[in-house]
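Engineer: Please see the structure below; I have some questions.
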Amino acid sequence: MVNNIVEKIKDWSEKTPNTIFFDEGDTSFSYSDLEKTSHSLAAYLEEKFDNKDGIIVYGGQDSRMIISFLACIKSGHGYIPIDAHTPKERVQMILEESNATCVIALDEWPLEKVGPKIIERTDFNQLIEEEKQPTLGNIVSGEDIFYTIFTSGTTGKPKGVQITYSNLESFCSWMTKEFSLKHGQRFLCQAPFSFDLSVMDLYPALLTGGTLVPMEKKMVESFPLLFGSIPKMALNVWVSTPSLIEICLLNPDFTSEKLPTLENFQFCGEELPHVVAQKLIDRFPNAVIYNTYGPTEATVAITSVPITQNILDNNDRLPLGRVKEDTRLIILNEEGSVLSEGEVGEIIIVGPGISVGYFNNPEKTEEAFFLYEGEAAYRTGDAGLIKDGLLYYKGRLDFQIKWHGYRIELGDIDHHLMMIDEIRNACVVPKYNKNHKVQQLIAYVVCKKMINDDEKETISYLKTHLLESVMDYMVPQRYIFVDTLPLTANGKVDRKFLINEVNK
Ligand code: AMP
């Protein structure tokens with residue numbers, strides 16, 4: 001059984017054993033440590049679990065998360081990352097949906113310790129010291145599931161996107177060939193591991209013998225901390241959403257003069273606004289800046305384009321790029337016919353990066369995945385067109401949105417709002433700015449009763465309750481209380497009408 005990712009990491013542990021793989025200051029682990037500790041944990045997991053079921057790995061931007069991922073893979077288990085900032089109810093839902101055989105909890109596990117075996121941080125620290133050798137007889141390879149990432153689902157239940165070893169290998173071989181990466185670079189590691197953007201720094205860094213440099217949530221939430229830390233990180237490769245770079249560019253010192261090592265920017269997850277790319281090119285004229293595009297279901301990203309001044313001069317809305325060599329793009333109209341160059345329709349991705357579907361969810365899998373000329377294909381729900389071989393984005397065909405790069409189904413928020421006793425009906429809509437970016441989430445709410453007949457109190461009550469079941473970035477900023485919600489001819493809440501209302 002071949003796993004080139006595990007092999008390559010082993011190679012680095014022999015060639016550059018003392019290189020730090022994840023920079024945590026004095027307590028950092030080297031490649032040699034990564035190899036040894038993941039081996040020890042894998043040996044334990046092999047002994048303990050005689051199956052191929054998924055293992056939840058729970059925590060933050062922490063080297064131990066990566067040791068755990070590798071141990072899972074070596075012992076034949078796909079991993080299921082859950083970020084430590086996930087509310088308890090959502091962790092519970094993912095636990096139930098995922099059927100995990102074990103949980104590695106590197107932060108305090110928020111649920112009762114019943115059900116699967118929980119390996120807590122103290123046990124973890126002991127296990128990685130034991131210097132045991134796994135047989136590697138079950139190592140994840142071929143069509144085995146490498147990881148499962150849970151994303152927002154329309155019904156309020158997260159969907160587990162299953163990515164196989166082959167899916168990931170297709171992505172990694174493209175990344176290591178086409179993104180100007182060199183051996184031993186320092187990569188920004190900011191996206192939580194539960195967001196597939198993190199895969200864009202994690203594996204390219206490990207495959208090129210590089211160092212991941214963590215940026216924790218608390219840093220992103222404080223300008224002084226963020227602006228003060230970036231120069232000390234001595235980064236070479238920046239991987240983030242466009243939203244994060246937009247924040248960084250607020251600092252006049254975010255320039256190539258002040259950050260001379262920063263030479264490669266990679267963006268994914270949401271639209272890269274023209275103004276942001278122009279500002280970045282002005283500040284870093286010698287850096288290479290990639291815009292990339294792709295849904296979690298097609299393994300992180302499948303198109304890319306270096307953004308040059310020429311591209312900026314010739315496009316108001318930036319292209320998403322050319323599709324990677326082993327993948328095809330098809331643009332379909334509503335009737336399912338293939339459109340020609342320049343015509344706008346739904347973007348369909350066909351190729352080896354396409355997921356095998358949502359875990360334990362045949363209905364949703366069938367809606368989105370199909371075979372196209374014998375190859376795995378995925379309906380993205382994105383509208384787009386192809387011109388001169390470049391893909392262009394034209395917005396969503398459904399009610400999925402991006403907020404700071406995070407994927408949200410508006411129906412997911414409605415569902416959790418309506419779970420609150422005081423609410424009769426709710427519909428959340430996005431307000432866009434002129435760069436096609438969501439600026440605000442607005443909840444239209446029909447209340448059974450207001451808290452103390454007071455709007456402010458009710459809003460604060462709703463926000464607090466919502467935070468118990470959805471990610472913090474899913475909580476609407478504005479609430480409009482109404483007696484009824486508008487309905488479509490079919491009697492469903494007319495979200496399109498409300499979206500038009502707030503974007504007039
Ligand atoms: P996720 O699964 O979280 O990666 O989200 C995938 C969705 O994000 C895509 O289907 C698009 O709607 C959006 N997206 C990702 N990259 C880009 C991009 N470069 N420009 C515009 N939208 C993007």
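Ligands are numbered from 1 in the order shown, chains are lettered A, B, ... in the order of the structure tokens, and residues start at 1 in each chain.
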Extract, using only C-alpha atoms, all DNA, RNA and protein residues at most 6 Å from Tyr293 in chain A, discarding same-chain residues fewer than 3 positions from it, and format them as a list in words.
Structural biologist: Cys268, Ala301, Thr303 and Leu320 of chain A
Engineer: Enumerate as a short mmCIF file (atom, residue, chain, number, x, y, z; two decimals) with N, CA and C atoms, in the first residue's frame the residues within 8 Å of ligand 1, counting only C-alpha atoms and all ligand atoms.
Structural biologist:
data_model
loop_
_atom_site.label_atom_id
_atom_site.label_comp_id
_atom_site.auth_asym_id
_atom_site.auth_seq_id
_atom_site.Cartn_x
_atom_site.Cartn_y
_atom_site.Cartn_z
N THR A 151 -19.15 20.55 6.84
CA THR A 151 -19.51 21.93 6.43
C THR A 151 -20.99 22.15 6.73
N PHE A 195 -11.51 23.74 8.45
CA PHE A 195 -11.82 24.48 7.22
C PHE A 195 -10.81 23.99 6.19
N ASP A 196 -11.27 23.58 5.00
CA ASP A 196 -10.33 22.88 4.10
C ASP A 196 -9.25 23.79 3.53
N LEU A 197 -9.38 25.09 3.70
CA LEU A 197 -8.29 25.99 3.30
C LEU A 197 -6.99 25.61 4.02
N PHE A 267 -4.59 32.64 -2.31
CA PHE A 267 -5.92 32.93 -1.77
C PHE A 267 -6.94 31.94 -2.27
N CYS A 268 -7.86 31.60 -1.39
CA CYS A 268 -8.95 30.71 -1.77
C CYS A 268 -10.12 30.93 -0.82
N GLY A 269 -11.27 30.38 -1.18
CA GLY A 269 -12.39 30.37 -0.24
C GLY A 269 -13.46 31.39 -0.53
N GLU A 270 -13.10 32.47 -1.19
CA GLU A 270 -14.10 33.51 -1.49
C GLU A 270 -13.51 34.41 -2.57
N GLU A 271 -14.33 35.30 -3.07
CA GLU A 271 -13.88 36.17 -4.16
C GLU A 271 -12.74 37.08 -3.71
N LEU A 272 -11.71 37.17 -4.54
CA LEU A 272 -10.60 38.09 -4.28
C LEU A 272 -10.96 39.42 -4.96
N ASN A 291 -4.71 33.57 -7.22
CA ASN A 291 -6.12 33.42 -6.88
C ASN A 291 -6.46 31.96 -7.19
N THR A 292 -7.10 31.27 -6.27
CA THR A 292 -7.48 29.88 -6.53
C THR A 292 -8.95 29.69 -6.16
N TYR A 293 -9.53 28.64 -6.71
CA TYR A 293 -10.97 28.40 -6.49
C TYR A 293 -11.24 26.91 -6.36
N GLY A 294 -12.16 26.59 -5.48
CA GLY A 294 -12.63 25.21 -5.41
C GLY A 294 -13.47 24.98 -4.18
N PRO A 295 -14.43 24.07 -4.25
CA PRO A 295 -15.19 23.68 -3.07
C PRO A 295 -14.52 22.53 -2.31
N THR A 296 -14.83 22.39 -1.05
CA THR A 296 -14.31 21.29 -0.22
C THR A 296 -14.52 19.95 -0.93
N GLU A 297 -15.65 19.82 -1.61
CA GLU A 297 -16.02 18.56 -2.27
C GLU A 297 -15.10 18.20 -3.43
N VAL A 300 -10.18 21.10 -1.81
CA VAL A 300 -9.58 22.41 -1.59
C VAL A 300 -9.68 23.37 -2.79
N ALA A 301 -8.95 23.11 -3.86
CA ALA A 301 -8.94 24.05 -5.00
C ALA A 301 -8.63 23.29 -6.27
N LEU A 320 -10.79 33.19 -11.86
CA LEU A 320 -10.48 32.18 -10.83
C LEU A 320 -9.31 31.32 -11.29
N THR A 380 -21.31 22.34 -8.43
CA THR A 380 -20.81 23.27 -7.40
C THR A 380 -21.88 24.19 -6.83
N GLY A 381 -22.94 24.47 -7.63
CA GLY A 381 -23.90 25.50 -7.19
C GLY A 381 -23.36 26.90 -7.45
N ASP A 382 -22.17 26.98 -8.07
CA ASP A 382 -21.59 28.28 -8.44
C ASP A 382 -21.93 28.57 -9.89
N TYR A 393 -16.08 33.76 -12.03
CA TYR A 393 -17.15 33.50 -11.06
C TYR A 393 -18.28 34.51 -11.24
N GLY A 395 -21.20 34.32 -9.01
CA GLY A 395 -22.09 34.24 -7.85
C GLY A 395 -22.68 32.85 -7.65
N ARG A 396 -23.55 32.73 -6.66
CA ARG A 396 -24.14 31.44 -6.31
C ARG A 396 -25.51 31.27 -6.96
N GLN A 400 -26.19 29.49 -0.46
CA GLN A 400 -24.94 29.31 0.30
C GLN A 400 -24.17 30.62 0.16
N ILE A 401 -23.56 31.06 1.24
CA ILE A 401 -22.79 32.30 1.15
C ILE A 401 -21.42 32.10 1.80
N LYS A 402 -20.57 33.10 1.61
CA LYS A 402 -19.28 33.09 2.29
C LYS A 402 -19.21 34.31 3.20
N GLY A 405 -14.78 34.08 4.22
CA GLY A 405 -14.25 32.82 3.68
C GLY A 405 -14.94 31.59 4.24
N TYR A 406 -15.69 31.73 5.31
CA TYR A 406 -16.39 30.57 5.88
C TYR A 406 -17.67 30.30 5.12
N ARG A 407 -17.92 29.03 4.87
CA ARG A 407 -19.07 28.62 4.08
C ARG A 407 -20.29 28.47 4.98
#
Engineer: Quick one: which range 64-165 of chain A residues come within 6 Å of range 408-415 of chain A, and what is the nearest atom pair for each with the distance in Å to one decimal, counting only C-alpha atoms, rows ordered by chain and ascending number, as a tab-separated table?
Structural biologist:
residue	atom	partner	partner_atom	distance
A:Ser152	CA	A:Ile408	CA	5.5
A:Gly153	CA	A:Asp412	CA	5.9
A:Thr154	CA	A:Gly411	CA	4.7
A:Thr155	CA	A:Asp412	CA	5.7
A:Gly156	CA	A:Asp412	CA	4.1
Engineer: With DSSP run on the backbone, what are the alpha helix (DSSP H) residues within range 233-460 of chain A? I'd like them as a PyMOL selection string.
Structural biologist: chain A and resi 233+242-248+274-283+309-314+362-368+410-418+455-460
Engineer: Might you pull out every residue within 7 Å of range 175-192 of chain A, with only C-alpha atoms counted and same-chain residues fewer than 4 positions away left off, and present them as number ranges by chain?
Structural biologist: A: 60-61, 83, 171, 197-198, 201, 204-205, 208-216, 235-240
Engineer: Residues of the last selection are to be written out with C-alpha atoms, as a PDB file, in the first residue's frame.
Structural biologist:
ATOM      1  CA  GLY A  60      -6.800  24.537  17.773  1.00  0.00           C
ATOM      2  CA  GLN A  61      -3.672  25.647  15.877  1.00  0.00           C
ATOM      3  CA  ASP A  83     -11.921  23.235  15.778  1.00  0.00           C
ATOM      4  CA  PHE A 171      -4.362  18.117  -5.052  1.00  0.00           C
ATOM      5  CA  LEU A 197      -8.294  25.986   3.300  1.00  0.00           C
ATOM      6  CA  SER A 198      -5.923  24.699   6.020  1.00  0.00           C
ATOM      7  CA  ASP A 201      -0.781  25.170   3.766  1.00  0.00           C
ATOM      8  CA  PRO A 204       2.342  21.614   0.757  1.00  0.00           C
ATOM      9  CA  ALA A 205       4.458  22.696   3.760  1.00  0.00           C
ATOM     10  CA  THR A 208       8.416  20.474   0.829  1.00  0.00           C
ATOM     11  CA  GLY A 209      10.117  20.192   4.221  1.00  0.00           C
ATOM     12  CA  GLY A 210       8.756  23.576   5.292  1.00  0.00           C
ATOM     13  CA  THR A 211       7.669  25.047   8.609  1.00  0.00           C
ATOM     14  CA  LEU A 212       4.082  25.911   9.520  1.00  0.00           C
ATOM     15  CA  VAL A 213       3.769  29.111  11.534  1.00  0.00           C
ATOM     16  CA  PRO A 214       0.518  29.262  13.505  1.00  0.00           C
ATOM     17  CA  MET A 215      -1.701  32.312  13.740  1.00  0.00           C
ATOM     18  CA  GLU A 216      -4.357  31.730  16.348  1.00  0.00           C
ATOM     19  CA  LEU A 235       6.811  34.113   6.584  1.00  0.00           C
ATOM     20  CA  ASN A 236       7.616  33.149   2.998  1.00  0.00           C
ATOM     21  CA  VAL A 237       4.242  31.738   1.939  1.00  0.00           C
ATOM     22  CA  TRP A 238       0.923  33.305   2.866  1.00  0.00           C
ATOM     23  CA  VAL A 239      -2.216  31.156   2.562  1.00  0.00           C
ATOM     24  CA  SER A 240      -5.495  32.750   3.618  1.00  0.00           C
TER      25      SER A 240
END
Engineer: Just how far from CA of Asp483 in chain A is CA of Lys463 in chain A, in Å to one decimal?
Structural biologist: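 For CA of Lys463 in chain A relative to CA of Asp483 in chain A, the distance reads 19.9 Å.
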Engineer: So how far away is CA of Asp398 in chain A from CA of Gly353 in chain A, in Å?
Structural biologist: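 Taking CA of Gly353 in chain A as the start and CA of Asp398 in chain A as the end point, the length is 22.9 Å.
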Engineer: If you count only C-alpha atoms, which residues fall within 9 Å of Trp12 in chain A, apart from same-chain ones fewer than 5 positions away, as a compact mmCIF listing (two decimals) with N, CA, C and O atoms, in the first residue's frame?
Structural biologist:
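Dumped everything to around-v5.txt:
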# COMPACT_ATOMS: atom_id res chain seq x y z
N GLU A 7 5.29 8.89 3.14
CA GLU A 7 6.67 8.59 2.71
C GLU A 7 7.52 9.86 2.66
O GLU A 7 8.66 9.88 3.09
N PRO A 17 16.27 16.18 9.86
CA PRO A 17 15.57 15.77 11.09
C PRO A 17 15.32 16.91 12.08
O PRO A 17 14.35 16.89 12.82
N THR A 19 14.80 20.15 11.40
CA THR A 19 13.95 21.27 10.95
C THR A 19 12.63 21.22 11.71
O THR A 19 12.03 20.16 11.89
N TYR A 31 10.91 17.63 12.42
CA TYR A 31 10.43 16.56 11.54
C TYR A 31 10.72 15.19 12.14
O TYR A 31 9.94 14.25 12.00
N SER A 32 11.86 15.07 12.79
CA SER A 32 12.19 13.79 13.41
C SER A 32 11.18 13.49 14.54
O SER A 32 10.68 12.37 14.67
N LEU A 206 4.42 20.39 4.54
CA LEU A 206 5.06 19.14 4.98
C LEU A 206 5.74 18.42 3.81
O LEU A 206 6.75 17.74 3.99
N LEU A 207 5.20 18.56 2.62
CA LEU A 207 5.77 17.84 1.47
C LEU A 207 7.03 18.51 0.93
O LEU A 207 7.79 17.91 0.19
N THR A 208 7.22 19.78 1.31
CA THR A 208 8.42 20.47 0.83
C THR A 208 9.41 20.73 1.98
O THR A 208 10.30 21.56 1.86
N GLY A 209 9.20 20.05 3.08
CA GLY A 209 10.12 20.19 4.22
C GLY A 209 10.06 21.57 4.85
O GLY A 209 11.06 22.07 5.39
Engineer: Smallest atom-to-atom distance to Thr135 in chain A: which of A:Leu498, A:Ala71, A:Ile230, A:Val338, using only C-alpha atoms?
Structural biologist: A:Ala71
Engineer: Val493 in chain A: which residues within 12 Å, counting only C-alpha atoms, same-chain residues fewer than 2 positions away excluded, as a list in words?
Structural biologist: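 Everything that qualifies: Gly411, Asp414, Asn425, Ala426, Cys427, Val428, Val429, Tyr444, Val445, Val446, Thr484, Leu485, Pro486, Leu487, Thr488, Ala489, Asn490, Gly491, Arg495, Lys496, Phe497, Leu498 and Ile499 of chain A.
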Engineer: With N, CA and C atoms retained, could you export that selection as a CSV table (one decimal), in the first residue's frame?
Structural biologist:
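After the write, part-v3.csv holds the following:
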chain,number,residue,atom,x,y,z
A,411,GLY,N,-30.0,28.5,5.3
A,411,GLY,CA,-31.0,27.6,5.9
A,411,GLY,C,-30.5,27.0,7.2
A,414,ASP,N,-31.3,29.7,9.8
A,414,ASP,CA,-32.7,29.8,10.0
A,414,ASP,C,-33.1,28.6,10.9
A,425,ASN,N,-40.8,32.1,13.2
A,425,ASN,CA,-40.3,31.9,11.8
A,425,ASN,C,-39.1,32.8,11.7
A,426,ALA,N,-38.2,32.4,10.8
A,426,ALA,CA,-37.0,33.3,10.6
A,426,ALA,C,-36.4,33.0,9.2
A,427,CYS,N,-35.8,34.1,8.7
A,427,CYS,CA,-35.1,34.0,7.4
A,427,CYS,C,-33.9,34.9,7.4
A,428,VAL,N,-32.8,34.3,7.1
A,428,VAL,CA,-31.5,35.1,7.2
A,428,VAL,C,-31.1,35.4,5.8
A,429,VAL,N,-30.7,36.7,5.6
A,429,VAL,CA,-30.3,37.1,4.2
A,429,VAL,C,-29.0,37.9,4.3
A,444,TYR,N,-34.5,38.2,9.4
A,444,TYR,CA,-35.9,38.6,9.5
A,444,TYR,C,-36.6,37.6,10.5
A,445,VAL,N,-37.2,38.1,11.5
A,445,VAL,CA,-37.7,37.2,12.6
A,445,VAL,C,-39.1,37.5,12.9
A,446,VAL,N,-39.9,36.4,13.0
A,446,VAL,CA,-41.3,36.5,13.5
A,446,VAL,C,-41.2,35.9,14.9
A,484,THR,N,-45.1,38.8,9.6
A,484,THR,CA,-45.1,37.6,8.8
A,484,THR,C,-43.9,37.7,7.8
A,485,LEU,N,-43.5,36.6,7.2
A,485,LEU,CA,-42.5,36.6,6.2
A,485,LEU,C,-43.2,36.5,4.8
A,486,PRO,N,-42.6,37.1,3.8
A,486,PRO,CA,-43.3,37.0,2.5
A,486,PRO,C,-43.1,35.5,1.9
A,487,LEU,N,-44.1,35.1,1.2
A,487,LEU,CA,-44.1,33.7,0.7
A,487,LEU,C,-44.0,33.6,-0.8
A,488,THR,N,-43.4,32.6,-1.4
A,488,THR,CA,-43.5,32.4,-2.8
A,488,THR,C,-44.8,31.8,-3.2
A,489,ALA,N,-45.0,31.6,-4.5
A,489,ALA,CA,-46.3,31.0,-5.0
A,489,ALA,C,-46.4,29.6,-4.4
A,490,ASN,N,-45.3,28.9,-4.1
A,490,ASN,CA,-45.4,27.5,-3.5
A,490,ASN,C,-45.6,27.5,-2.0
A,491,GLY,N,-45.7,28.7,-1.4
A,491,GLY,CA,-45.9,28.8,0.0
A,491,GLY,C,-44.6,28.7,0.8
A,495,ARG,N,-37.0,33.9,0.2
A,495,ARG,CA,-35.7,34.5,0.6
A,495,ARG,C,-35.2,35.5,-0.5
A,496,LYS,N,-35.5,35.1,-1.8
A,496,LYS,CA,-35.0,36.0,-2.9
A,496,LYS,C,-35.5,37.4,-2.7
A,497,PHE,N,-36.8,37.5,-2.4
A,497,PHE,CA,-37.5,38.8,-2.3
A,497,PHE,C,-36.8,39.6,-1.1
A,498,LEU,N,-36.5,38.9,0.0
A,498,LEU,CA,-35.9,39.6,1.1
A,498,LEU,C,-34.5,40.0,0.8
A,499,ILE,N,-33.8,39.2,0.0
A,499,ILE,CA,-32.4,39.5,-0.4
A,499,ILE,C,-32.4,40.8,-1.3
Engineer: Between CA of Ser340 in chain A and CA of Lys324 in chain A, what distance in Å does the model show, to one decimal?
Structural biologist: 19.5 Å
Engineer: Return as a PyMOL selection string the full set of residues in range 340-395 of chain A whose backbone-based DSSP assignment is strand (DSSP E or B).
Structural biologist: chain A and resi 345-350+357-358+369-372+375-387+390-395
Engineer: How would the residues just picked look written out with C-alpha atoms as a compact mmCIF listing (two decimals), in the first residue's frame?
Structural biologist:
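Final output, saved to part-v5.txt:
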# COMPACT_ATOMS: atom_id res chain seq x y z
CA GLY A 345 -24.12 28.44 -16.24
CA GLU A 346 -23.43 26.13 -13.34
CA ILE A 347 -19.77 25.13 -12.84
CA ILE A 348 -19.37 21.35 -12.84
CA ILE A 349 -16.03 19.87 -11.80
CA VAL A 350 -14.98 16.50 -13.20
CA GLY A 357 -19.72 12.01 -1.22
CA TYR A 358 -21.13 13.06 2.14
CA PHE A 369 -22.38 14.11 -7.15
CA PHE A 370 -22.75 12.15 -10.39
CA LEU A 371 -20.75 10.45 -13.12
CA TYR A 372 -19.90 12.49 -16.20
CA GLU A 375 -15.67 10.19 -14.27
CA ALA A 376 -16.62 11.56 -10.85
CA ALA A 377 -18.33 14.95 -11.13
CA TYR A 378 -19.66 17.55 -8.68
CA ARG A 379 -22.32 20.24 -9.12
CA THR A 380 -20.81 23.27 -7.40
CA GLY A 381 -23.90 25.50 -7.19
CA ASP A 382 -21.59 28.28 -8.44
CA ALA A 383 -22.43 30.24 -11.57
CA GLY A 384 -19.52 30.90 -13.89
CA LEU A 385 -18.18 31.07 -17.40
CA ILE A 386 -14.98 30.12 -19.21
CA LYS A 387 -13.14 32.58 -21.45
CA LEU A 390 -9.87 30.98 -17.62
CA LEU A 391 -12.78 30.39 -15.27
CA TYR A 392 -14.77 33.42 -14.04
CA TYR A 393 -17.15 33.50 -11.06
CA LYS A 394 -20.67 34.92 -11.32
CA GLY A 395 -22.09 34.24 -7.85
Engineer: Would you list the contacts of Phe359 in chain A as an NGL selection string, taking every protein, DNA or RNA residue within 9 Å and counting only C-alpha atoms, but skipping same-chain residues closer than 5 positions in sequence?
Structural biologist: :A and (97-98 or 148 or 159-162 or 365)
Engineer: Please write the residues from the selection above to a file, keeping N, CA, C and O atoms, as a PDB file, in the first residue's frame.
Structural biologist:
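Okay, part13.pdb is ready:
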ATOM      1  N   GLU A  97     -23.174  12.438  13.769  1.00  0.00           N
ATOM      2  CA  GLU A  97     -23.178  12.232  12.313  1.00  0.00           C
ATOM      3  C   GLU A  97     -22.000  11.381  11.847  1.00  0.00           C
ATOM      4  O   GLU A  97     -22.091  10.657  10.871  1.00  0.00           O
ATOM      5  N   SER A  98     -20.855  11.530  12.543  1.00  0.00           N
ATOM      6  CA  SER A  98     -19.606  10.980  12.009  1.00  0.00           C
ATOM      7  C   SER A  98     -19.372   9.514  12.338  1.00  0.00           C
ATOM      8  O   SER A  98     -18.554   8.872  11.704  1.00  0.00           O
ATOM      9  N   THR A 148     -12.351  13.766   6.761  1.00  0.00           N
ATOM     10  CA  THR A 148     -13.746  14.165   6.546  1.00  0.00           C
ATOM     11  C   THR A 148     -13.923  15.535   7.193  1.00  0.00           C
ATOM     12  O   THR A 148     -13.673  15.687   8.393  1.00  0.00           O
ATOM     13  N   LYS A 159     -22.695  18.598   7.060  1.00  0.00           N
ATOM     14  CA  LYS A 159     -22.471  17.502   6.106  1.00  0.00           C
ATOM     15  C   LYS A 159     -20.995  17.143   6.124  1.00  0.00           C
ATOM     16  O   LYS A 159     -20.133  18.027   6.044  1.00  0.00           O
ATOM     17  N   GLY A 160     -20.686  15.854   6.173  1.00  0.00           N
ATOM     18  CA  GLY A 160     -19.282  15.414   6.228  1.00  0.00           C
ATOM     19  C   GLY A 160     -18.750  15.115   4.834  1.00  0.00           C
ATOM     20  O   GLY A 160     -19.100  14.103   4.236  1.00  0.00           O
ATOM     21  N   VAL A 161     -17.887  15.987   4.318  1.00  0.00           N
ATOM     22  CA  VAL A 161     -17.297  15.769   2.991  1.00  0.00           C
ATOM     23  C   VAL A 161     -16.101  14.824   3.153  1.00  0.00           C
ATOM     24  O   VAL A 161     -15.143  15.147   3.852  1.00  0.00           O
ATOM     25  N   GLN A 162     -16.188  13.666   2.486  1.00  0.00           N
ATOM     26  CA  GLN A 162     -15.135  12.653   2.647  1.00  0.00           C
ATOM     27  C   GLN A 162     -14.096  12.782   1.536  1.00  0.00           C
ATOM     28  O   GLN A 162     -14.432  12.693   0.361  1.00  0.00           O
ATOM     29  N   THR A 365     -25.738  13.335  -1.178  1.00  0.00           N
ATOM     30  CA  THR A 365     -24.673  12.901  -2.087  1.00  0.00           C
ATOM     31  C   THR A 365     -25.226  12.798  -3.499  1.00  0.00           C
ATOM     32  O   THR A 365     -24.620  13.293  -4.456  1.00  0.00           O
TER      33      THR A 365
END
